[in-house]
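Read the structure below first, then the notes.
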Amino acid sequence: MVELKKRTIKSLTNLDTNKSKDKDKDKPITQQRLTLRVLSRIVVITALLIVVYFTSKDDKLRIFASQSEKLLSGKVQTLQCSPEYMKEINVYEGCFPKKCKRFVTDTVVSSLEVDNLLFIAKKGLKYGRSLGGASIIDLHSGAMSKGQFFINIYESPNMKKLFTEDDFNLYRGVKEKVRHTIANNFGVDVDKIYLTKPTFISEITSKNAVTKHDEYWHSHVDKETYSSFHYTSLLYLNDYNVDFEGGRFVFLDDKYNTTIEPRKGRLSIFTSGHENLHFVERVTSGVRYAMTIAFTCDKQQSIEDPNIDKYIP
Ligand SMILES: *[C@@H]1O[C@H](CO)[C@@H](O)[C@H](O)[C@H]1NC(C)=O
């Protein structure tokens with residue numbers, strides 16, 4: 001009995017020592033396995049993070065208006081007006097918006113009107129164009145890009161009588177449609193919003209910038225760039241991914257970037273304050289045409305419609 005007990009104790013002790021010996025022997029292998037396990041987990045986690053990073057990057061870009069979809073009844077995104085914008089515009093009774101927003105519609109300006117606007121722009125630009133990627137033609141001031149500078153289309157001898165009464169009528173007609181669209185959609189009195197400058201047609205190619213005027217891709221607030229602006233409208237004259245690549249319009253929001261893909265005849269209107277920080281992506285191929293038409297609530301800042309009398313005799 002005593003013997004048995006002793007043996008049991010001995011074997012137990014043996015077992016114990018064996019165990020601890022085993023442990024010591026196994027230690028390097030266990031550590032190796034552990035290291036491997038940790039390593040493989042790191043690999044898996046890193047891969048997951050990479051996947052999440054790239055997919056979330058896509059998630060953070062929201063297409064508000066895609067080129068392939070014709071927006072028949074328009075699309076609206078309401079926003080909180082920036083305090084500065086609200087403070088400034090509040091004094092203009094009948095002109096401040098019920099809500100700050102973005103509005104896109106594809107049914108206001110016709111395809112024929114767009115064709116004619118493009119024709120007008122190209123017929124002028126033929127005599128100029130920037131050395132860099134971005135050119136403008138402004139029928140109000142007469143400014144047109146040429147080389148590294150601007151010329152006045154109404155003073156240039158070889159452009160005399162280039163624009164006709166019909167051209168000016170068409171231009172005015174489109175502008176009026178835009179003005180009424182703003183009034184209807186922003187709850188504004190149509191007689192309380194005025195055309196302001198600059199209002200122009202732009203032509204963007206993938207050429208490298210030569211002067212600062214060619215750098216259209218910086219993010220900005222219209223109200224800061226042009227203090228008279230209260231409502232910005234952009235009329236797209238040709239198609240993203242058909243006539244050019246790149247060149248999408250991007251709003252920079254807190255959580256998402258919101259894009260508008262240019263579409264022939266697409267009209268995009270937004271309040272010009274900080275709520276609508278934006279930029280235009282660089283055009284990577286083809287030629288992009290758009291028209292910027294801006295409106296103000298401040299009568300002092302209004303400009304006249306362009307007309308045939310602009311020509312200096
Ligand atoms: C939006 O675009 C800008 C410019 O490309 C970029 O710096 C910013 O990180 C983007 N924001 C989001 C939320 O993806």
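Starting from 1 in every chain, residues are counted up; chains themselves are A, B, ... following the order of the structure tokens, and ligands are numbered from 1 as listed.
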
Worksheet item: Residues at most 7 Å from ligand 1, using only C-alpha atoms and all ligand atoms? Could they come as a ChimeraX atom specification?
Response: /A:57,60-61,252-257

Please produce a file of the residues just selected, as a JSON list (two decimals), in the first residue's frame, where the atoms kept are all heavy atoms.
[["chain", "number", "residue", "atom", "x", "y", "z"],
["A", 57, "LYS", "N", -12.96, 53.89, -51.19],
["A", 57, "LYS", "CA", -12.64, 55.05, -52.02],
["A", 57, "LYS", "C", -13.74, 55.23, -53.06],
["A", 57, "LYS", "O", -14.17, 56.33, -53.34],
["A", 57, "LYS", "CB", -11.30, 54.83, -52.72],
["A", 57, "LYS", "CG", -10.30, 55.94, -52.40],
["A", 57, "LYS", "CD", -9.04, 55.71, -53.15],
["A", 57, "LYS", "CE", -8.46, 57.02, -53.63],
["A", 57, "LYS", "NZ", -7.26, 56.83, -54.41],
["A", 60, "LYS", "N", -16.91, 56.51, -51.56],
["A", 60, "LYS", "CA", -16.90, 57.92, -51.20],
["A", 60, "LYS", "C", -17.15, 58.82, -52.40],
["A", 60, "LYS", "O", -17.15, 60.03, -52.28],
["A", 60, "LYS", "CB", -15.58, 58.28, -50.53],
["A", 60, "LYS", "CG", -15.53, 57.80, -49.10],
["A", 60, "LYS", "CD", -14.21, 58.16, -48.46],
["A", 60, "LYS", "CE", -14.13, 57.62, -47.05],
["A", 60, "LYS", "NZ", -12.75, 57.66, -46.55],
["A", 61, "LEU", "N", -17.31, 58.22, -53.56],
["A", 61, "LEU", "CA", -17.62, 58.98, -54.76],
["A", 61, "LEU", "C", -19.04, 58.61, -55.17],
["A", 61, "LEU", "O", -19.31, 57.47, -55.52],
["A", 61, "LEU", "CB", -16.63, 58.62, -55.87],
["A", 61, "LEU", "CG", -16.62, 59.59, -57.03],
["A", 61, "LEU", "CD1", -15.82, 60.82, -56.69],
["A", 61, "LEU", "CD2", -16.04, 58.93, -58.25],
["A", 252, "LEU", "N", -17.20, 68.65, -53.30],
["A", 252, "LEU", "CA", -16.46, 68.06, -52.18],
["A", 252, "LEU", "C", -17.31, 68.18, -50.92],
["A", 252, "LEU", "O", -17.50, 69.29, -50.41],
["A", 252, "LEU", "CB", -15.13, 68.78, -51.98],
["A", 252, "LEU", "CG", -14.12, 68.57, -53.09],
["A", 252, "LEU", "CD1", -13.58, 69.90, -53.57],
["A", 252, "LEU", "CD2", -12.99, 67.69, -52.62],
["A", 253, "ASP", "N", -17.82, 67.07, -50.47],
["A", 253, "ASP", "CA", -18.62, 67.08, -49.26],
["A", 253, "ASP", "C", -17.85, 66.40, -48.13],
["A", 253, "ASP", "O", -16.80, 65.82, -48.37],
["A", 253, "ASP", "CB", -19.96, 66.38, -49.51],
["A", 253, "ASP", "CG", -20.78, 67.11, -50.55],
["A", 253, "ASP", "OD1", -20.62, 68.35, -50.66],
["A", 253, "ASP", "OD2", -21.56, 66.46, -51.26],
["A", 254, "ASP", "N", -18.37, 66.50, -46.91],
["A", 254, "ASP", "CA", -17.66, 65.93, -45.76],
["A", 254, "ASP", "C", -17.36, 64.44, -45.94],
["A", 254, "ASP", "O", -16.23, 64.01, -45.85],
["A", 254, "ASP", "CB", -18.46, 66.14, -44.48],
["A", 254, "ASP", "CG", -18.38, 67.60, -44.03],
["A", 254, "ASP", "OD1", -17.48, 68.30, -44.54],
["A", 254, "ASP", "OD2", -19.20, 68.02, -43.20],
["A", 255, "LYS", "N", -18.40, 63.69, -46.20],
["A", 255, "LYS", "CA", -18.22, 62.24, -46.25],
["A", 255, "LYS", "C", -18.05, 61.69, -47.66],
["A", 255, "LYS", "O", -17.46, 60.65, -47.84],
["A", 255, "LYS", "CB", -19.43, 61.56, -45.59],
["A", 255, "LYS", "CG", -19.44, 61.74, -44.09],
["A", 255, "LYS", "CD", -20.37, 60.72, -43.45],
["A", 255, "LYS", "CE", -20.47, 60.92, -41.96],
["A", 255, "LYS", "NZ", -21.83, 61.21, -41.52],
["A", 256, "TYR", "N", -18.63, 62.40, -48.62],
["A", 256, "TYR", "CA", -18.62, 61.89, -49.98],
["A", 256, "TYR", "C", -18.25, 62.98, -50.95],
["A", 256, "TYR", "O", -18.50, 64.14, -50.70],
["A", 256, "TYR", "CB", -20.01, 61.37, -50.37],
["A", 256, "TYR", "CG", -20.56, 60.36, -49.43],
["A", 256, "TYR", "CD1", -21.44, 60.74, -48.43],
["A", 256, "TYR", "CD2", -20.18, 59.03, -49.52],
["A", 256, "TYR", "CE1", -21.95, 59.81, -47.54],
["A", 256, "TYR", "CE2", -20.68, 58.09, -48.64],
["A", 256, "TYR", "CZ", -21.57, 58.49, -47.65],
["A", 256, "TYR", "OH", -22.06, 57.58, -46.78],
["A", 257, "ASN", "N", -17.71, 62.55, -52.08],
["A", 257, "ASN", "CA", -17.58, 63.47, -53.20],
["A", 257, "ASN", "C", -18.73, 63.13, -54.15],
["A", 257, "ASN", "O", -19.00, 61.97, -54.40],
["A", 257, "ASN", "CB", -16.23, 63.29, -53.88],
["A", 257, "ASN", "CG", -15.12, 64.00, -53.11],
["A", 257, "ASN", "OD1", -15.40, 64.77, -52.18],
["A", 257, "ASN", "ND2", -13.88, 63.75, -53.48]]

Worksheet item: If you run DSSP on this backbone, which residues of segment 178-287 of chain A come out as strand (DSSP E or B), and could you give them as number ranges by chain?
Response: A: 194-204, 220, 231-236, 240, 244-246, 249-252, 257-260, 267-271, 278-280, 283-286

For the selection you just gave me, I'd like the residues written to a file as a compact mmCIF listing (two decimals), in the first residue's frame, keeping N, CA and C atoms.
# COMPACT_ATOMS: atom_id res chain seq x y z
N TYR A 194 -30.42 88.65 -61.29
CA TYR A 194 -29.82 89.32 -62.44
C TYR A 194 -28.59 88.56 -62.93
N LEU A 195 -28.46 88.59 -64.24
CA LEU A 195 -27.27 88.02 -64.86
C LEU A 195 -26.05 88.78 -64.35
N THR A 196 -24.97 88.07 -64.06
CA THR A 196 -23.75 88.76 -63.61
C THR A 196 -22.53 88.19 -64.34
N LYS A 197 -21.39 88.80 -64.13
CA LYS A 197 -20.19 88.34 -64.85
C LYS A 197 -19.23 87.62 -63.90
N PRO A 198 -18.39 86.76 -64.42
CA PRO A 198 -18.29 86.37 -65.83
C PRO A 198 -19.28 85.27 -66.20
N THR A 199 -19.76 85.38 -67.41
CA THR A 199 -20.66 84.39 -68.00
C THR A 199 -20.03 84.04 -69.35
N PHE A 200 -19.70 82.79 -69.56
CA PHE A 200 -18.86 82.44 -70.72
C PHE A 200 -18.99 80.97 -71.12
N ILE A 201 -18.49 80.66 -72.30
CA ILE A 201 -18.41 79.27 -72.75
C ILE A 201 -16.95 78.84 -72.62
N SER A 202 -16.73 77.64 -72.08
CA SER A 202 -15.36 77.15 -71.93
C SER A 202 -15.11 75.94 -72.81
N GLU A 203 -13.87 75.85 -73.25
CA GLU A 203 -13.44 74.71 -74.05
C GLU A 203 -12.21 74.13 -73.36
N ILE A 204 -12.27 72.88 -72.96
CA ILE A 204 -11.15 72.29 -72.22
C ILE A 204 -10.59 71.07 -72.96
N HIS A 220 -12.75 75.04 -55.38
CA HIS A 220 -13.04 76.43 -55.02
C HIS A 220 -14.53 76.63 -54.72
N TYR A 231 -26.11 82.52 -57.59
CA TYR A 231 -26.53 81.24 -58.19
C TYR A 231 -25.62 80.95 -59.37
N THR A 232 -25.04 79.76 -59.37
CA THR A 232 -24.18 79.37 -60.48
C THR A 232 -24.94 78.35 -61.32
N SER A 233 -24.90 78.53 -62.63
CA SER A 233 -25.47 77.48 -63.46
C SER A 233 -24.45 77.06 -64.51
N LEU A 234 -24.46 75.77 -64.79
CA LEU A 234 -23.55 75.22 -65.79
C LEU A 234 -24.37 74.45 -66.80
N LEU A 235 -24.17 74.80 -68.05
CA LEU A 235 -24.87 74.10 -69.10
C LEU A 235 -23.82 73.29 -69.88
N TYR A 236 -23.98 71.98 -69.87
CA TYR A 236 -23.01 71.14 -70.56
C TYR A 236 -23.38 71.02 -72.03
N TYR A 240 -19.64 63.53 -71.48
CA TYR A 240 -18.58 62.83 -70.75
C TYR A 240 -18.51 61.39 -71.27
N PHE A 244 -15.25 63.33 -74.55
CA PHE A 244 -14.01 63.55 -73.77
C PHE A 244 -14.00 62.61 -72.57
N GLU A 245 -12.80 62.43 -72.01
CA GLU A 245 -12.68 61.65 -70.78
C GLU A 245 -12.13 62.54 -69.68
N GLY A 246 -12.40 62.17 -68.43
CA GLY A 246 -12.10 63.05 -67.30
C GLY A 246 -13.14 64.16 -67.35
N PHE A 249 -17.64 66.96 -63.04
CA PHE A 249 -17.78 68.02 -62.05
C PHE A 249 -17.92 67.34 -60.69
N VAL A 250 -17.14 67.80 -59.70
CA VAL A 250 -17.14 67.12 -58.40
C VAL A 250 -17.40 68.11 -57.25
N PHE A 251 -18.43 67.84 -56.47
CA PHE A 251 -18.67 68.60 -55.23
C PHE A 251 -17.90 67.89 -54.13
N LEU A 252 -17.20 68.65 -53.30
CA LEU A 252 -16.46 68.06 -52.18
C LEU A 252 -17.31 68.18 -50.92
N ASN A 257 -17.71 62.55 -52.08
CA ASN A 257 -17.58 63.47 -53.20
C ASN A 257 -18.73 63.13 -54.15
N THR A 258 -19.38 64.15 -54.62
CA THR A 258 -20.58 63.96 -55.45
C THR A 258 -20.29 64.44 -56.86
N THR A 259 -20.48 63.57 -57.84
CA THR A 259 -20.11 63.97 -59.21
C THR A 259 -21.32 64.20 -60.10
N ILE A 260 -21.14 65.14 -61.01
CA ILE A 260 -22.10 65.34 -62.09
C ILE A 260 -21.34 65.05 -63.37
N LEU A 267 -28.32 70.79 -67.54
CA LEU A 267 -28.21 72.05 -66.82
C LEU A 267 -28.07 71.75 -65.33
N SER A 268 -27.02 72.28 -64.74
CA SER A 268 -26.79 72.09 -63.31
C SER A 268 -26.79 73.46 -62.65
N ILE A 269 -27.56 73.59 -61.59
CA ILE A 269 -27.66 74.88 -60.89
C ILE A 269 -27.40 74.66 -59.41
N PHE A 270 -26.64 75.55 -58.81
CA PHE A 270 -26.40 75.42 -57.36
C PHE A 270 -26.14 76.79 -56.75
N THR A 271 -26.40 76.89 -55.45
CA THR A 271 -26.11 78.13 -54.73
C THR A 271 -24.59 78.28 -54.69
N HIS A 278 -16.32 72.89 -54.92
CA HIS A 278 -16.24 71.95 -56.06
C HIS A 278 -14.97 72.13 -56.89
N PHE A 279 -14.77 71.19 -57.77
CA PHE A 279 -13.71 71.32 -58.78
C PHE A 279 -14.10 70.51 -60.01
N VAL A 280 -13.38 70.75 -61.09
CA VAL A 280 -13.60 69.96 -62.30
C VAL A 280 -12.38 69.07 -62.48
N VAL A 283 -9.34 67.04 -67.73
CA VAL A 283 -9.75 66.33 -68.94
C VAL A 283 -8.54 65.54 -69.42
N THR A 284 -8.73 64.25 -69.68
CA THR A 284 -7.59 63.42 -70.07
C THR A 284 -7.53 63.17 -71.58
N SER A 285 -8.68 63.29 -72.25
CA SER A 285 -8.68 63.21 -73.71
C SER A 285 -9.94 63.85 -74.26
N GLY A 286 -9.90 64.21 -75.53
CA GLY A 286 -11.06 64.85 -76.16
C GLY A 286 -11.19 66.31 -75.78

Worksheet entry | Which of A:Lys126, A:Thr296, A:Phe163, A:Glu113 sits closest to Gly142 of chain A [using only C-alpha atoms] |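 Smallest separation from Gly142 of chain A among the options: A:Phe163.
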
Fill in: Point-to-point distance from atom CA of Asp138 of chain A to atom CA of Tyr85 of chain A, Å rounded to tenths
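Computed distance, atom CA of Asp138 of chain A to atom CA of Tyr85 of chain A, equals 26.3 Å.
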
Worksheet item: To one decimal place, how far is atom CA of Tyr127 of chain A from atom CA of Val178 of chain A in Å?
Response: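 It comes out at 28.4 Å.
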
Residues near Glu165 of chain A, cut-off 10 Å, only C-alpha atoms, skip fewer than 5 positions along chain, as an mmCIF file with N, CA and C atoms, in the first residue's frame:
data_model
loop_
_atom_site.group_PDB
_atom_site.id
_atom_site.type_symbol
_atom_site.label_atom_id
_atom_site.label_comp_id
_atom_site.auth_asym_id
_atom_site.auth_seq_id
_atom_site.Cartn_x
_atom_site.Cartn_y
_atom_site.Cartn_z
ATOM 1 N N LEU A 170 -30.417 83.701 -79.700
ATOM 2 C CA LEU A 170 -30.358 82.341 -79.174
ATOM 3 C C LEU A 170 -29.746 82.339 -77.772
ATOM 4 N N TYR A 171 -28.642 83.042 -77.648
ATOM 5 C CA TYR A 171 -27.922 83.136 -76.388
ATOM 6 C C TYR A 171 -28.832 83.684 -75.285
ATOM 7 N N ASN A 307 -25.375 91.924 -77.212
ATOM 8 C CA ASN A 307 -26.143 92.202 -78.435
ATOM 9 C C ASN A 307 -25.222 92.738 -79.518
ATOM 10 N N ILE A 308 -25.794 92.904 -80.678
ATOM 11 C CA ILE A 308 -25.020 93.262 -81.869
ATOM 12 C C ILE A 308 -24.317 94.620 -81.734
ATOM 13 N N ASP A 309 -24.846 95.477 -80.844
ATOM 14 C CA ASP A 309 -24.240 96.805 -80.633
ATOM 15 C C ASP A 309 -22.892 96.734 -79.926
#

Worksheet item: With distances taken over only C-alpha atoms, which of A:Lys99, A:Arg62, A:Arg41, A:Arg129 is nearest to Lys207 of chain A?
Response: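 Nearest candidate to Lys207 of chain A out of A:Lys99, A:Arg62, A:Arg41, A:Arg129: A:Arg129.
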
Response to the item:
Min atom-atom distance to Pro306 of chain A from the set A:Ala294, A:Leu72, A:Leu139, A:Ile45, counting only C-alpha atoms, belongs to A:Leu139

Worksheet item: With distances taken over only C-alpha atoms, which of A:Asp214, A:Asp191, A:Glu281, A:Glu261 is nearest to Tyr92 of chain A?
Response: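 Looking at the shortest contact to Tyr92 of chain A, the residue is A:Asp191.
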
Worksheet item: Can you tell me, as a list in words, what residues are no more than 8 Å from Lys264 of chain A when counting only C-alpha atoms, ignoring any on the same chain fewer than 2 positions away?
Response: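 Result of the neighbour search: Ser111, Val114, Tyr236, Leu237, Asn238, Asp239, Pro262 and Arg266 of chain A.
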
Write out, as a tab-separated table, each residue of segment 170-232 of chain A that has an atom at most 9 Å from segment 143-151 of chain A, together with the closest pair of atoms and their distance in Å to one decimal, counting only C-alpha atoms, rows going by chain and rising number.
residue	atom	partner	partner_atom	distance
A:Phe200	CA	A:Ala143	CA	8.9
A:Val210	CA	A:Gln148	CA	7.2
A:Thr211	CA	A:Gln148	CA	6.5
A:His213	CA	A:Gln148	CA	8.6

Write a file of the just-selected residues containing C-alpha atoms, as an mmCIF file, in the first residue's frame.
data_model
loop_
_atom_site.group_PDB
_atom_site.id
_atom_site.type_symbol
_atom_site.label_atom_id
_atom_site.label_comp_id
_atom_site.auth_asym_id
_atom_site.auth_seq_id
_atom_site.Cartn_x
_atom_site.Cartn_y
_atom_site.Cartn_z
ATOM 1 C CA PHE A 200 -18.860 82.444 -70.722
ATOM 2 C CA VAL A 210 0.568 77.274 -69.629
ATOM 3 C CA THR A 211 -0.885 80.058 -67.475
ATOM 4 C CA HIS A 213 -6.057 80.608 -66.418
#
